[in-house]
Structures are given as structure tokens and as C-alpha cells.
There are 2 protein chains.
Amino acid sequence: MRGKVVTIRHVARRAGVAVGTVSHYLNRSAPVADGTGRRIQRTIDRLGYRPDLGARGLRVRRTQSVGLVLPNISNPFYSEVAREVEHALWEHGFQTLLCDSAGDRERERMHLDGLESRRVDGILIIRSSGRAVPRTEPDRQPGVPVVYVDRAVAGKHSVTSDNRMGGELAARHLAELGHRRIGVLAGEKAVLNVQQRLQGFRHELDRHGLALADDAVINGPQALELGYEVERLVRLQPRPTAVFATNDIVAIGAWRRLLELGFRIPQEISLVGFDDVEMSRLLFPPLTTVSQDKAAMGRQAASLLLRLLQGEELPPEHILIAPRLVARGSTAALEKEEAPS
Amino acid sequence: MRGKVVTIRHVARRAGVAVGTVSHYLNRSAPVADGTGRRIQRTIDRLGYRPDLGARGLRVRRTQSVGLVLPNISNPFYSEVAREVEHALWEHGFQTLLCDSAGDRERERMHLDGLESRRVDGILIIRSSGRAVPRTEPDRQPGVPVVYVDRAVAGKHSVTSDNRMGGELAARHLAELGHRRIGVLAGEKAVLNVQQRLQGFRHELDRHGLALADDAVINGPQALELGYEVERLVRLQPRPTAVFATNDIVAIGAWRRLLELGFRIPQEISLVGFDDVEMSRLLFPPLTTVSQDKAAMGRQAASLLLRLLQGEELPPEHILIAPRLVARGSTAALEKEEAPS
DNA sequence: TTGAAAGCGCTAACAC
DNA sequence: GTGTTAGCGCTTTCAA
């Protein structure tokens, strides 16, 4: 497969020095005379020598690589995180090993095994939710730092959005616009992120003297189809004047169905999502949503891992990234108690 | 960093056999007595031994890894390709090394250097277009197979959509719906994919006795902003009744602006995109578009590379993936010459 | 079948 | 400053 590569020995011989000297030159692990250095560099260029990182890794026991495990790289949320992670790691000389678990716990485990065999220096993982993620879990390779992203795990390093705060932001926005009858399209109760968003939402509603009717909360997997269920919400008496969806995909499903049903957004009904995926702002009207700072999550997770890789001994830390409300066209102030129905 | 890992030697000693035997057992490179094998396996499990793939790679000169270089992993088009690639490679025991070039040629070059140092067995690359991709280019590491994705490169292995055919499909669809005055929002002239889509479009229009007016083609970078230029198109006299955008993002820009301007889609104006990114079907009305089979592209590229990695000597081959027209809500038959204006 | 040993490309300790 | 060499964990002759 790989032909006769040029090795450090070839370089040494051609430059008329010892391999140790070349190695020192390369790694600045010992000073090398100017002339010698130049001769070595010239030889390297001429021969097109590239140090074999695998061999180096075997020797120094560091591969300068980290595994990135996530449920689906083509999910825009994850891919944006992945992009930031890759950039941050690359700038520090680390190669990203992409592991797509396809949302499958078993596959995720196999990937983790693979990364262990590849002796990665660290791991960033967005666990597949396969029902809820256990709130805690055992270490695999002791000594290999792991940072959890978008999932809080007790006793581990993790970086997530402040989901509770996000829920509050959504509630405050709607409350301040004067909405009093509000429906919610919520993900599954077992999912921690959903729970927290809902908690925050309820809590803030409460502060405004509002409450969620039991039949005004619809649970289900966070997918387009859940959004379609908005139809049940608008049949309620009295009809909610605003709907909060626990993520944008769900909100988009709702948006579609509402438009199909002939509702005018936001005049007749307001809609708030969560995530701020790219397409939210492209809709018409564009979606008001709680924006998660995906780039910041990726960057923070990477830089936390990087610090651990330097050997810093940090206690497990849960970094919360603040979301912010992005008010766009899908929400509006409630017109004073709908006039003649 | 990595503590005292257990090596094949530990396993051998504990199992009371030679390291060679363990190796043979692991790789089935020689038959091993049943009893011995079982003893080895038990020891492996007990010790939690994981072969060091780096060390193995050093010895066998294959790393079981391939580099995937692309301009932006958070672009939904690329990330979908990436997903298929990762899956296909992983199922054949290869690890994907993710390299995001951020659309920067220099960075792309550095990534390629890095992959060379990491001794990847092969490379899949979606070149950054930084102005046009040269139609041909030199090999880097002789012996390391490279497959170009979404870009045709003379004399190299490549997998792309049949862009010309895609253009034809779009034109045929509009022509058959009775449209005669058609506008185009085209990417930059220097980009090969755009050229081909346009060629196909014009060619098919021609077959229907139609032509594109000079001022009915607007060029620019394929981004949302180009879509907004649809405003210039609808000011033309006579006004086009249909618009073809060379990709979906552009089409979505157009869709937004048209809605803002108060046009009804498709009653007053039809709109066709290209790519079929996820959000196309989520719009309202959903976008009619030429669907590129991204999954097929990823799979085919991966399986071509895999064959090359088996050592097959294939002549450079340009695999074309057929696109198909997905007629959704944004196009409609032209109502017989708009009645009273 | 099994075992011993050489060597993949590199770094780091040590000697000069 | 520079050169020599052991050895990282593994596979693969070759001999037993």
C-alpha cells in the first residue's frame, strides 16, 4: 500500500548527521547548530520527508488525536458543534476522529472501543439518548479524559446549554407579549434536556401568574411529526394564542401545519422554538426561538478537553452556556382579547 | 497521559504462551489450538487487552484510517455525504479522520500534509472551490488513493452528481408546465458544477423551443443573498413566470423575498431549486427541486475508495450519480396567459 | 502448533 | 552539539 516512504534515517544519512540530530532539530528537543539545521531542512525538503506520526505516537505515547462521538453528523445541531470542535482541536495540533453512532448505543460502545485501540488522547462525546442518558456512568480508559457535550453527567466534565434558562426566556417572552393561554409541544418526558426546558418554562410562567393546562402539553419524540400535533392544540377551548416547542424541528412542523390550516402567524398564533438551527431564520415568517450557542459549546468543550490534555487536574465541571432569545417574526403581542369572534 | 496499558506481552505471559501465538490468534494468521485459543481469549477479557492499532500500523504499514477533507462539515450537503462515508468506511474497519478546510485552499493543503504524516490509507476529498478547482492536478503521495467527491477532476477517481442532467430535469419540468419566460439565479460562472447545470438547463430549454434572455440570468456566489436578487427578475418586462436557482439555498432566498414582496407561490410564480437539502421539503409551500442523491454519492465514493484500498487497479473513473426531480408545491402549471392584469 | 527474535520509524537517555 | 542505541507494541519470518 504505502510504498517506500522516506524515514528519518534517510534524512540523517543524506544530511550527513545522526538520526538523533534530525529528531532534535524536528522537535527542538536540543539545540542544533545553525548550519546543521539548515542542511537538515534542505534535505527534508528535497526528499519530501514527513515524520510518521504513528511511529512517534508509539514512542511518546500520545497520538495527538481525539475521538468525537456523536449521534448523527448530518444533524445540523451536531454538525455545527463538530465544526467548532474540529477547528479548535486542529489549531492545537490534534486530529479529530469522527465517530457517528447513528443514535445507537451499541454502535456508540463499539466506537468507544475503537478509540481505545487507537489510543486517542481524549474523547468528546454527545451521547445517544436511547431513552435517557444515565445521569452518571463509569469511566472507560482511566487516564483518557472525556468531555460530555449537550448532556450533563454527574461527576464528569460536561458542557451543555442552560436549558432551564432557555425555557424561562421563552416563557418570559410570551408572557410579556400578553399571552395567557399557551400550549407546549414537548419532547419526551424522560429526556433531561426537555425536562429542564419545561421546568424553566413553567417556573417563569408561574412568576407571571400563569399556568399550563394539562391538556395543553403534548409529549412525543422531538421530530417533525410532533409539530403536526399542534392541530390538537388549536382545537382546545379556549384556543391557545401561543405555542412553545422544545426544539426547532418540532416548531417547524407546527409552523407548517398552522399555515396549512390557514392560521396567520403571528397575528392569530405565536410560535416559539428552541435551538436556532439555520433554517429557523429562513422561514417566512422567520421563527422566534431560543438560540443555543452551538459554536460556544463546541469551543468550550474543546478547550476544556485541551486543558485536560495539558495535564491540568480539574475537578469535574459542568459548564453552562447561556442561551438567548431571538425574537423574529413568529411571535407578536396578543391583540386585546380577540374582538368579535 | 496513557497509563500502563496492557500489551500483547502481558497477555502472552498470563496465558502461558508466546506473543506470536497471541498475535496469530488475534489475526487468524495461523491456526491456534482450540484450548490455547480459549485460554488466550479468557486472558484478554480478564486483562481488558486492546491491541494498539498504532503499533500494528507501524508494522503492517496500513493504518486502517482514511482522511475525509471537506470545506465545511456544518453545510448540510457535505455533512450528509460525510455521514454516509463514515458509515461505509466504519463498516469495513476504517476510521474516518475529519478535516474541515473551512473553504480555504491553504488550510486544505495543510490538512493533506497532516494526513500524509498520519499515513492514512486513502483520502476522500471535496475540494474547496476557491475560485474554480483546477480541472486536473498532481498526485501527492503516490500510492495513496484519492477519490474526489462532488468535483470532477481529469485523470482522477471522482464521484459527482450528473449536474447537466439535473439542469435538464429542471428545464423539462418548467417547460412541460407551460412556462416560457424563465429567469435563472445562477452561481458563479467559474464554478464547474454551475456551468454544467446551466448547460443542461439551456440545452433542454432549446429542445422545447425556448431560450433564456440575457438579462434573465443573474450570477453570483451561491448564497442566500443571490436569492434575494429575484427581485430584479420579477421587475423584468415581461415578467418571468418561473425561476430556476442553481441551488436550494439560493432558491430559499428567492422564496423568502418573493413572499415578502407579496407574490403567491406557485400561483403567480414557480420556483425550482437544486440539491434537495432537508429544509426544502419543510418550507410552505415546499420547494420543488432537483434532488442530488447525497447518500449515494457518499456511499459510492466510499466503496470506490474501498476497492482501491483492496489493491484493485482501476483506471480513473468518473462516477455520475443521477439526480431526480422532486416536484413539490413551489411549481405549478402556468395559468393560461395571465388574465386581466 | 508454538516460540524466539528481528524490525517497522521514531524519541530520549546517554556517551562523546 | 552530535552520535549511538534501546525500546515503544506489534507482526512475521524462521526454526523447533
# chains A, B, ... in the order shown; residues from 1 in each chain; ligands from 1
>>> interface_residues(of="chain A", to="chain B", cutoff="6 Å", atoms="only C-alpha atoms", output="compact mmCIF listing (two decimals) with N, CA and C atoms, in the first residue's frame")
# COMPACT_ATOMS: atom_id res chain seq x y z
N ARG A 2 1.52 1.47 1.13
CA ARG A 2 2.34 2.68 1.14
C ARG A 2 3.75 2.29 0.75
N ARG A 50 8.28 13.29 5.62
CA ARG A 50 7.21 13.61 6.57
C ARG A 50 7.34 12.66 7.75
N PRO A 51 7.53 13.20 8.93
CA PRO A 51 7.64 12.32 10.10
C PRO A 51 6.41 11.44 10.22
N ASP A 52 6.59 10.22 10.61
CA ASP A 52 5.48 9.29 10.78
C ASP A 52 4.90 9.47 12.17
N LEU A 53 3.73 10.10 12.21
CA LEU A 53 3.11 10.40 13.50
C LEU A 53 2.74 9.14 14.27
N GLY A 54 2.45 8.08 13.54
CA GLY A 54 2.11 6.83 14.21
C GLY A 54 3.30 6.30 14.98
N ILE A 73 -23.96 13.04 12.36
CA ILE A 73 -23.21 14.20 11.89
C ILE A 73 -24.03 15.05 10.92
N SER A 74 -25.10 14.48 10.37
CA SER A 74 -25.85 15.29 9.42
C SER A 74 -27.00 16.04 10.10
N SER A 79 -23.60 18.99 13.75
CA SER A 79 -22.52 19.26 12.79
C SER A 79 -21.91 20.63 13.06
N GLU A 80 -22.71 21.52 13.62
CA GLU A 80 -22.15 22.83 13.92
C GLU A 80 -21.21 22.72 15.12
N ARG A 83 -18.01 21.18 13.89
CA ARG A 83 -17.15 22.09 13.14
C ARG A 83 -16.25 22.89 14.09
N THR A 96 -9.04 15.13 14.55
CA THR A 96 -10.34 14.68 15.03
C THR A 96 -10.73 13.36 14.36
N LEU A 97 -11.05 12.38 15.17
CA LEU A 97 -11.52 11.10 14.64
C LEU A 97 -13.04 11.10 14.74
N LEU A 98 -13.69 11.11 13.60
CA LEU A 98 -15.14 11.22 13.58
C LEU A 98 -15.82 9.88 13.80
N SER A 117 -8.55 1.46 21.18
CA SER A 117 -7.49 0.77 20.44
C SER A 117 -6.60 1.75 19.68
N ARG A 118 -7.19 2.84 19.28
CA ARG A 118 -6.40 3.83 18.54
C ARG A 118 -5.62 4.74 19.48
N GLY A 143 -7.50 7.61 32.72
CA GLY A 143 -6.36 8.33 32.17
C GLY A 143 -6.68 9.02 30.87
>>> residues_around(residues="Thr246 in chain A", least_positions_apart="5", cutoff="9 Å", atoms="only C-alpha atoms (C1' of nucleotides)", output="PDB file with N, CA and C atoms, in the first residue's frame")
ATOM      1  N   GLY A 167     -35.820  27.770  28.798  1.00  0.00           N
ATOM      2  CA  GLY A 167     -37.256  27.661  28.987  1.00  0.00           C
ATOM      3  C   GLY A 167     -37.825  28.940  29.577  1.00  0.00           C
ATOM      4  N   VAL A 184     -47.893  23.739  24.693  1.00  0.00           N
ATOM      5  CA  VAL A 184     -46.500  23.314  24.572  1.00  0.00           C
ATOM      6  C   VAL A 184     -46.405  22.001  23.809  1.00  0.00           C
ATOM      7  N   LEU A 185     -45.481  21.967  22.872  1.00  0.00           N
ATOM      8  CA  LEU A 185     -45.146  20.718  22.196  1.00  0.00           C
ATOM      9  C   LEU A 185     -43.814  20.286  22.781  1.00  0.00           C
ATOM     10  N   ALA A 186     -43.862  19.321  23.687  1.00  0.00           N
ATOM     11  CA  ALA A 186     -42.661  18.943  24.423  1.00  0.00           C
ATOM     12  C   ALA A 186     -42.129  17.608  23.938  1.00  0.00           C
ATOM     13  N   GLY A 187     -40.841  17.445  24.032  1.00  0.00           N
ATOM     14  CA  GLY A 187     -40.233  16.160  23.700  1.00  0.00           C
ATOM     15  C   GLY A 187     -40.642  15.123  24.734  1.00  0.00           C
ATOM     16  N   VAL A 194     -35.210  18.124  27.788  1.00  0.00           N
ATOM     17  CA  VAL A 194     -36.614  18.510  27.674  1.00  0.00           C
ATOM     18  C   VAL A 194     -37.187  18.873  29.043  1.00  0.00           C
ATOM     19  N   ARG A 197     -36.001  22.299  30.106  1.00  0.00           N
ATOM     20  CA  ARG A 197     -36.621  23.395  29.365  1.00  0.00           C
ATOM     21  C   ARG A 197     -38.032  23.634  29.876  1.00  0.00           C
ATOM     22  N   LEU A 198     -38.710  22.542  30.123  1.00  0.00           N
ATOM     23  CA  LEU A 198     -40.084  22.631  30.570  1.00  0.00           C
ATOM     24  C   LEU A 198     -40.175  23.205  31.979  1.00  0.00           C
ATOM     25  N   GLN A 222     -38.987  14.258  19.688  1.00  0.00           N
ATOM     26  CA  GLN A 222     -38.795  15.581  19.110  1.00  0.00           C
ATOM     27  C   GLN A 222     -38.527  15.487  17.608  1.00  0.00           C
ATOM     28  N   ALA A 251     -40.998  22.877  16.124  1.00  0.00           N
ATOM     29  CA  ALA A 251     -41.629  24.165  15.830  1.00  0.00           C
ATOM     30  C   ALA A 251     -41.914  24.295  14.333  1.00  0.00           C
ATOM     31  N   VAL A 272     -42.896  29.754  19.283  1.00  0.00           N
ATOM     32  CA  VAL A 272     -41.502  29.866  19.729  1.00  0.00           C
ATOM     33  C   VAL A 272     -40.838  28.501  19.669  1.00  0.00           C
ATOM     34  N   GLY A 273     -39.648  28.469  19.130  1.00  0.00           N
ATOM     35  CA  GLY A 273     -38.899  27.215  19.061  1.00  0.00           C
ATOM     36  C   GLY A 273     -37.728  27.214  20.025  1.00  0.00           C
ATOM     37  N   PHE A 274     -36.819  26.260  19.823  1.00  0.00           N
ATOM     38  CA  PHE A 274     -35.653  26.141  20.693  1.00  0.00           C
ATOM     39  C   PHE A 274     -34.528  25.502  19.889  1.00  0.00           C
ATOM     40  N   ASP A 275     -33.372  26.139  19.879  1.00  0.00           N
ATOM     41  CA  ASP A 275     -32.152  25.636  19.210  1.00  0.00           C
ATOM     42  C   ASP A 275     -31.548  26.726  18.332  1.00  0.00           C
TER      43      ASP A 275
END
>>> select_by_dssp(residues="range 73-108 of chain B", states="helix (DSSP H, G or I)", output="NGL selection string")
:B and (76-91 or 105-108)
>>> atom_distance(atom1="CA of Pro221 in chain A", atom2="CA of Leu261 in chain A")
22.6 Å
>>> closest_residue(among="B:Leu314, B:Val17, B:Ala254, B:Val22", to="chain D", atoms="only C-alpha atoms (C1' of nucleotides)")
B:Val22
